Structure formats: C-alpha cells, structure tokens
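Peer 1: Provided below: run-v5.cif, containing mmCIF, N, CA, C and O atoms.
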data_entry
loop_
_atom_site.group_PDB
_atom_site.id
_atom_site.type_symbol
_atom_site.label_atom_id
_atom_site.label_comp_id
_atom_site.auth_asym_id
_atom_site.auth_seq_id
_atom_site.Cartn_x
_atom_site.Cartn_y
_atom_site.Cartn_z
ATOM 1 N N MET A 597 1.688 -17.465 7.603
ATOM 2 C CA MET A 597 1.806 -17.532 9.045
ATOM 3 C C MET A 597 2.060 -16.160 9.660
ATOM 4 O O MET A 597 1.758 -15.954 10.826
ATOM 5 N N ASP A 598 2.619 -15.230 8.891
ATOM 6 C CA ASP A 598 2.889 -13.904 9.427
ATOM 7 C C ASP A 598 1.607 -13.187 9.829
ATOM 8 O O ASP A 598 1.583 -12.414 10.787
ATOM 9 N N TYR A 599 0.528 -13.447 9.093
ATOM 10 C CA TYR A 599 -0.723 -12.772 9.429
ATOM 11 C C TYR A 599 -1.260 -13.231 10.777
ATOM 12 O O TYR A 599 -1.910 -12.473 11.481
ATOM 13 N N VAL A 600 -0.994 -14.472 11.158
ATOM 14 C CA VAL A 600 -1.446 -14.962 12.461
ATOM 15 C C VAL A 600 -0.694 -14.235 13.574
ATOM 16 O O VAL A 600 -1.320 -13.756 14.536
ATOM 17 N N SER A 601 0.598 -14.110 13.434
ATOM 18 C CA SER A 601 1.383 -13.430 14.465
ATOM 19 C C SER A 601 1.073 -11.936 14.494
ATOM 20 O O SER A 601 1.213 -11.284 15.527
ATOM 21 N N ALA A 602 0.647 -11.376 13.373
ATOM 22 C CA ALA A 602 0.290 -9.964 13.340
ATOM 23 C C ALA A 602 -1.080 -9.708 13.963
ATOM 24 O O ALA A 602 -1.315 -8.650 14.558
ATOM 25 N N LEU A 603 -2.001 -10.636 13.841
ATOM 26 C CA LEU A 603 -3.364 -10.445 14.341
ATOM 27 C C LEU A 603 -3.566 -10.927 15.774
ATOM 28 O O LEU A 603 -4.504 -10.500 16.437
ATOM 29 N N LEU A 604 -2.702 -11.800 16.251
ATOM 30 C CA LEU A 604 -2.903 -12.385 17.577
ATOM 31 C C LEU A 604 -2.896 -11.351 18.708
ATOM 32 O O LEU A 604 -3.827 -11.349 19.525
ATOM 33 N N PRO A 605 -1.916 -10.442 18.806
ATOM 34 C CA PRO A 605 -1.936 -9.479 19.922
ATOM 35 C C PRO A 605 -3.201 -8.596 19.973
ATOM 36 O O PRO A 605 -3.803 -8.464 21.039
ATOM 37 N N PRO A 606 -3.660 -8.022 18.850
ATOM 38 C CA PRO A 606 -4.877 -7.212 18.936
ATOM 39 C C PRO A 606 -6.114 -8.028 19.315
ATOM 40 O O PRO A 606 -6.978 -7.549 20.039
ATOM 41 N N VAL A 607 -6.181 -9.254 18.852
ATOM 42 C CA VAL A 607 -7.328 -10.102 19.185
ATOM 43 C C VAL A 607 -7.311 -10.443 20.673
ATOM 44 O O VAL A 607 -8.343 -10.375 21.351
ATOM 45 N N VAL A 608 -6.153 -10.767 21.188
ATOM 46 C CA VAL A 608 -6.042 -11.083 22.617
ATOM 47 C C VAL A 608 -6.392 -9.851 23.454
ATOM 48 O O VAL A 608 -7.123 -9.952 24.453
ATOM 49 N N MET A 609 -5.916 -8.677 23.058
ATOM 50 C CA MET A 609 -6.232 -7.450 23.798
ATOM 51 C C MET A 609 -7.723 -7.141 23.734
ATOM 52 O O MET A 609 -8.316 -6.703 24.721
ATOM 53 N N ALA A 610 -8.346 -7.361 22.580
ATOM 54 C CA ALA A 610 -9.783 -7.114 22.441
ATOM 55 C C ALA A 610 -10.587 -8.046 23.338
ATOM 56 O O ALA A 610 -11.556 -7.623 23.986
ATOM 57 N N ILE A 611 -10.201 -9.290 23.408
ATOM 58 C CA ILE A 611 -10.890 -10.254 24.273
ATOM 59 C C ILE A 611 -10.710 -9.859 25.736
ATOM 60 O O ILE A 611 -11.667 -9.870 26.527
ATOM 61 N N PHE A 612 -9.500 -9.488 26.121
ATOM 62 C CA PHE A 612 -9.242 -9.078 27.503
ATOM 63 C C PHE A 612 -10.039 -7.830 27.860
ATOM 64 O O PHE A 612 -10.657 -7.759 28.923
ATOM 65 N N PHE A 613 -10.061 -6.836 26.968
ATOM 66 C CA PHE A 613 -10.796 -5.604 27.214
ATOM 67 C C PHE A 613 -12.289 -5.890 27.371
ATOM 68 O O PHE A 613 -12.945 -5.352 28.263
ATOM 69 N N THR A 614 -12.830 -6.746 26.514
ATOM 70 C CA THR A 614 -14.241 -7.119 26.609
ATOM 71 C C THR A 614 -14.528 -7.799 27.939
ATOM 72 O O THR A 614 -15.539 -7.505 28.584
ATOM 73 N N ALA A 615 -13.645 -8.673 28.382
ATOM 74 C CA ALA A 615 -13.838 -9.360 29.660
ATOM 75 C C ALA A 615 -13.808 -8.369 30.821
ATOM 76 O O ALA A 615 -14.600 -8.480 31.764
ATOM 77 N N VAL A 616 -12.923 -7.383 30.762
ATOM 78 C CA VAL A 616 -12.842 -6.369 31.819
ATOM 79 C C VAL A 616 -14.129 -5.549 31.867
ATOM 80 O O VAL A 616 -14.691 -5.307 32.933
ATOM 81 N N VAL A 617 -14.622 -5.130 30.716
ATOM 82 C CA VAL A 617 -15.852 -4.341 30.662
ATOM 83 C C VAL A 617 -17.030 -5.149 31.186
ATOM 84 O O VAL A 617 -17.845 -4.642 31.973
ATOM 85 N N VAL A 618 -17.133 -6.403 30.790
ATOM 86 C CA VAL A 618 -18.231 -7.255 31.259
ATOM 87 C C VAL A 618 -18.154 -7.419 32.771
ATOM 88 O O VAL A 618 -19.171 -7.349 33.465
ATOM 89 N N THR A 619 -16.965 -7.617 33.308
ATOM 90 C CA THR A 619 -16.800 -7.763 34.755
ATOM 91 C C THR A 619 -17.210 -6.491 35.483
ATOM 92 O O THR A 619 -17.898 -6.552 36.513
ATOM 93 N N ILE A 620 -16.830 -5.339 34.958
ATOM 94 C CA ILE A 620 -17.199 -4.069 35.592
ATOM 95 C C ILE A 620 -18.701 -3.885 35.568
ATOM 96 O O ILE A 620 -19.306 -3.501 36.578
ATOM 97 N N VAL A 621 -19.332 -4.162 34.446
ATOM 98 C CA VAL A 621 -20.776 -3.981 34.331
ATOM 99 C C VAL A 621 -21.514 -4.933 35.265
ATOM 100 O O VAL A 621 -22.475 -4.541 35.931
ATOM 101 N N LYS A 622 -21.060 -6.174 35.345
ATOM 102 C CA LYS A 622 -21.724 -7.146 36.220
ATOM 103 C C LYS A 622 -21.569 -6.800 37.689
ATOM 104 O O LYS A 622 -22.420 -7.138 38.511
ATOM 105 N N SER A 623 -20.485 -6.131 38.063
ATOM 106 C CA SER A 623 -20.246 -5.833 39.474
ATOM 107 C C SER A 623 -20.988 -4.584 39.943
ATOM 108 O O SER A 623 -20.982 -4.274 41.131
ATOM 109 N N GLN A 624 -21.622 -3.857 39.040
ATOM 110 C CA GLN A 624 -22.363 -2.655 39.418
ATOM 111 C C GLN A 624 -23.724 -3.052 39.968
ATOM 112 O O GLN A 624 -24.369 -3.949 39.455
ATOM 113 N N GLY A 625 -24.157 -2.341 41.002
ATOM 114 C CA GLY A 625 -25.476 -2.598 41.569
ATOM 115 C C GLY A 625 -25.523 -3.891 42.357
ATOM 116 O O GLY A 625 -24.503 -4.442 42.765
ATOM 117 N N GLY A 626 -26.716 -4.375 42.593
ATOM 118 C CA GLY A 626 -26.896 -5.626 43.313
ATOM 119 C C GLY A 626 -26.541 -5.493 44.778
ATOM 120 O O GLY A 626 -26.511 -4.409 45.350
ATOM 121 N N PRO A 627 -26.253 -6.613 45.419
ATOM 122 C CA PRO A 627 -25.967 -6.594 46.856
ATOM 123 C C PRO A 627 -24.675 -5.859 47.200
ATOM 124 O O PRO A 627 -24.520 -5.358 48.303
ATOM 125 N N ASN A 628 -23.737 -5.768 46.272
ATOM 126 C CA ASN A 628 -22.475 -5.079 46.550
ATOM 127 C C ASN A 628 -22.651 -3.569 46.613
ATOM 128 O O ASN A 628 -21.872 -2.875 47.253
ATOM 129 N N LYS A 629 -23.676 -3.053 45.926
ATOM 130 C CA LYS A 629 -23.860 -1.606 45.869
ATOM 131 C C LYS A 629 -24.080 -1.031 47.264
ATOM 132 O O LYS A 629 -23.522 0.011 47.606
ATOM 133 N N THR A 630 -24.860 -1.693 48.087
ATOM 134 C CA THR A 630 -25.127 -1.199 49.435
ATOM 135 C C THR A 630 -23.848 -1.153 50.264
ATOM 136 O O THR A 630 -23.591 -0.167 50.963
ATOM 137 N N LYS A 631 -23.031 -2.198 50.175
ATOM 138 C CA LYS A 631 -21.775 -2.214 50.926
ATOM 139 C C LYS A 631 -20.830 -1.133 50.446
ATOM 140 O O LYS A 631 -20.184 -0.458 51.254
ATOM 141 N N GLU A 632 -20.736 -0.948 49.128
ATOM 142 C CA GLU A 632 -19.842 0.074 48.590
ATOM 143 C C GLU A 632 -20.313 1.468 48.987
ATOM 144 O O GLU A 632 -19.505 2.315 49.371
ATOM 145 N N ASP A 633 -21.627 1.703 48.907
ATOM 146 C CA ASP A 633 -22.168 3.007 49.293
ATOM 147 C C ASP A 633 -21.917 3.273 50.778
ATOM 148 O O ASP A 633 -21.580 4.393 51.162
ATOM 149 N N ALA A 634 -22.072 2.262 51.610
ATOM 150 C CA ALA A 634 -21.839 2.428 53.037
ATOM 151 C C ALA A 634 -20.373 2.744 53.319
ATOM 152 O O ALA A 634 -20.059 3.584 54.168
ATOM 153 N N ALA A 635 -19.473 2.100 52.598
ATOM 154 C CA ALA A 635 -18.047 2.356 52.791
ATOM 155 C C ALA A 635 -17.697 3.786 52.389
ATOM 156 O O ALA A 635 -16.923 4.463 53.077
ATOM 157 N N VAL A 636 -18.264 4.264 51.293
ATOM 158 C CA VAL A 636 -17.995 5.635 50.843
ATOM 159 C C VAL A 636 -18.564 6.639 51.840
ATOM 160 O O VAL A 636 -17.911 7.622 52.200
ATOM 161 N N GLU A 637 -19.778 6.400 52.306
ATOM 162 C CA GLU A 637 -20.392 7.294 53.286
ATOM 163 C C GLU A 637 -19.573 7.342 54.579
ATOM 164 O O GLU A 637 -19.397 8.405 55.176
ATOM 165 N N ALA A 638 -19.061 6.194 55.019
ATOM 166 C CA ALA A 638 -18.242 6.156 56.233
ATOM 167 C C ALA A 638 -16.948 6.951 56.036
ATOM 168 O O ALA A 638 -16.513 7.669 56.939
ATOM 169 N N ALA A 639 -16.338 6.831 54.870
ATOM 170 C CA ALA A 639 -15.110 7.569 54.595
ATOM 171 C C ALA A 639 -15.377 9.075 54.585
ATOM 172 O O ALA A 639 -14.594 9.859 55.133
ATOM 173 N N PHE A 640 -16.497 9.488 53.970
ATOM 174 C CA PHE A 640 -16.855 10.911 53.974
ATOM 175 C C PHE A 640 -17.116 11.404 55.394
ATOM 176 O O PHE A 640 -16.715 12.508 55.755
ATOM 177 N N ALA A 641 -17.788 10.589 56.194
ATOM 178 C CA ALA A 641 -18.090 10.990 57.569
ATOM 179 C C ALA A 641 -16.803 11.144 58.379
ATOM 180 O O ALA A 641 -16.667 12.090 59.170
ATOM 181 N N ARG A 642 -15.854 10.219 58.198
ATOM 182 C CA ARG A 642 -14.575 10.329 58.910
ATOM 183 C C ARG A 642 -13.831 11.589 58.489
ATOM 184 O O ARG A 642 -13.294 12.318 59.328
ATOM 185 N N ALA A 643 -13.802 11.852 57.188
ATOM 186 C CA ALA A 643 -13.100 13.041 56.704
ATOM 187 C C ALA A 643 -13.761 14.308 57.226
ATOM 188 O O ALA A 643 -13.076 15.259 57.620
ATOM 189 N N GLU A 644 -15.074 14.335 57.269
ATOM 190 C CA GLU A 644 -15.799 15.507 57.773
ATOM 191 C C GLU A 644 -15.550 15.712 59.262
ATOM 192 O O GLU A 644 -15.336 16.832 59.716
ATOM 193 N N SER A 645 -15.529 14.623 60.039
ATOM 194 C CA SER A 645 -15.304 14.763 61.475
ATOM 195 C C SER A 645 -13.882 15.241 61.769
ATOM 196 O O SER A 645 -13.670 16.051 62.661
ATOM 197 N N VAL A 646 -12.909 14.782 61.000
ATOM 198 C CA VAL A 646 -11.528 15.234 61.172
ATOM 199 C C VAL A 646 -11.426 16.716 60.825
ATOM 200 O O VAL A 646 -10.777 17.495 61.519
ATOM 201 N N ARG A 647 -12.091 17.115 59.731
ATOM 202 C CA ARG A 647 -12.050 18.516 59.319
ATOM 203 C C ARG A 647 -12.682 19.404 60.380
ATOM 204 O O ARG A 647 -12.152 20.459 60.715
ATOM 205 N N GLN A 648 -13.784 18.979 60.962
ATOM 206 C CA GLN A 648 -14.446 19.778 61.991
ATOM 207 C C GLN A 648 -13.629 19.811 63.279
ATOM 208 O O GLN A 648 -13.580 20.825 63.956
ATOM 209 N N ALA A 649 -12.976 18.713 63.608
ATOM 210 C CA ALA A 649 -12.162 18.666 64.814
ATOM 211 C C ALA A 649 -10.951 19.596 64.708
ATOM 212 O O ALA A 649 -10.523 20.184 65.688
ATOM 213 N N ASP A 650 -10.411 19.727 63.491
ATOM 214 C CA ASP A 650 -9.265 20.615 63.284
ATOM 215 C C ASP A 650 -9.686 22.074 63.262
ATOM 216 O O ASP A 650 -8.841 22.956 63.375
ATOM 217 N N GLY A 651 -10.961 22.312 63.062
ATOM 218 C CA GLY A 651 -11.431 23.685 62.945
ATOM 219 C C GLY A 651 -11.090 24.289 61.606
ATOM 220 O O GLY A 651 -11.015 25.515 61.460
ATOM 221 N N SER A 652 -10.846 23.440 60.625
ATOM 222 C CA SER A 652 -10.493 23.934 59.286
ATOM 223 C C SER A 652 -11.676 24.619 58.654
ATOM 224 O O SER A 652 -12.819 24.364 58.982
ATOM 225 N N ALA A 653 -11.364 25.502 57.704
ATOM 226 C CA ALA A 653 -12.415 26.160 56.936
ATOM 227 C C ALA A 653 -13.052 25.141 55.998
ATOM 228 O O ALA A 653 -12.530 24.048 55.777
ATOM 229 N N GLU A 654 -14.171 25.533 55.421
ATOM 230 C CA GLU A 654 -14.830 24.652 54.480
ATOM 231 C C GLU A 654 -13.910 24.418 53.290
ATOM 232 O O GLU A 654 -13.145 25.303 52.918
ATOM 233 N N PRO A 655 -13.999 23.229 52.675
ATOM 234 C CA PRO A 655 -13.137 22.962 51.522
ATOM 235 C C PRO A 655 -13.399 23.966 50.410
ATOM 236 O O PRO A 655 -14.537 24.305 50.124
ATOM 237 N N GLY A 656 -12.329 24.479 49.834
ATOM 238 C CA GLY A 656 -12.462 25.425 48.733
ATOM 239 C C GLY A 656 -12.526 26.871 49.176
ATOM 240 O O GLY A 656 -12.570 27.773 48.366
ATOM 241 N N LYS A 657 -12.535 27.123 50.477
ATOM 242 C CA LYS A 657 -12.585 28.513 50.979
ATOM 243 C C LYS A 657 -11.285 28.813 51.716
ATOM 244 O O LYS A 657 -10.720 27.958 52.381
ATOM 245 N N ALA A 658 -10.852 30.031 51.607
ATOM 246 C CA ALA A 658 -9.573 30.421 52.209
ATOM 247 C C ALA A 658 -9.718 30.756 53.676
ATOM 248 O O ALA A 658 -10.691 31.091 54.204
#
Could you take the file, read its structure, and then write that structure out as structure tokens?
Peer 2:
Amino acid sequence: MDYVSALLPPVVMAIFFTAVVVTIVKSQGGPNKTKEDAAVEAAFARAESVRQADGSAEPGKA
C-alpha cells in the first residue's frame, strides 16, 4: 500500500499539468484570438496616447 501513497501525488500532478496544457492549447486562436488581439491593441493605444500627452521621451531613451 505504501507504493500507492508514494505514486498518487505525482500522478495527480501529471494529470493536472496535462489538463492545463490542453486547456491552454485549445484556447489559442479561434474566435477568442480576435477579441484578445483587439484588447491588447487598445491597451497599447491607451498607453501611447498617455505617453504622448505627457510629452515623455520615447521608451528606452533618456
């Protein structure tokens, strides 16, 4: 019985890790990709407009 208690945690972690990877792979692309890309573009546009409004220098330049 000791071998069951020794093997159970790694097996459970392996199953959980596999499920997480499968979920991540399935969520890539498809109809969600357009929404995610639009959200990222909007965030970049907001950050750029704030930077220009402040009159800050370009990122990475002194």
Peer 1: Take CA of Val646 in chain A and atom O of Pro627 in chain A and report the distance between them in Å, one decimal.
Peer 2: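 Taking CA of Val646 in chain A as the start and atom O of Pro627 in chain A as the end point, the length is 27.5 Å.
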Peer 1: Once DSSP has gone over the backbone, tell me which residues of chain A are in alpha helix (DSSP H), as an MDAnalysis selection string.
Peer 2: chainID A and resid 598:623 627:650
Peer 1: For atom N of Ala634 in chain A and atom C of Val616 in chain A, determine how far apart the two atoms are, in Å to one decimal place.
Peer 2: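 According to the coordinates, atom N of Ala634 in chain A and atom C of Val616 in chain A are separated by 22.7 Å.
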Peer 1: Rounded to one decimal place, report the atom O of Ala638 in chain A-atom C of Gly651 in chain A distance in Å.
Peer 2: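 Spanning atom O of Ala638 in chain A to atom C of Gly651 in chain A is a straight-line distance of 18.1 Å.
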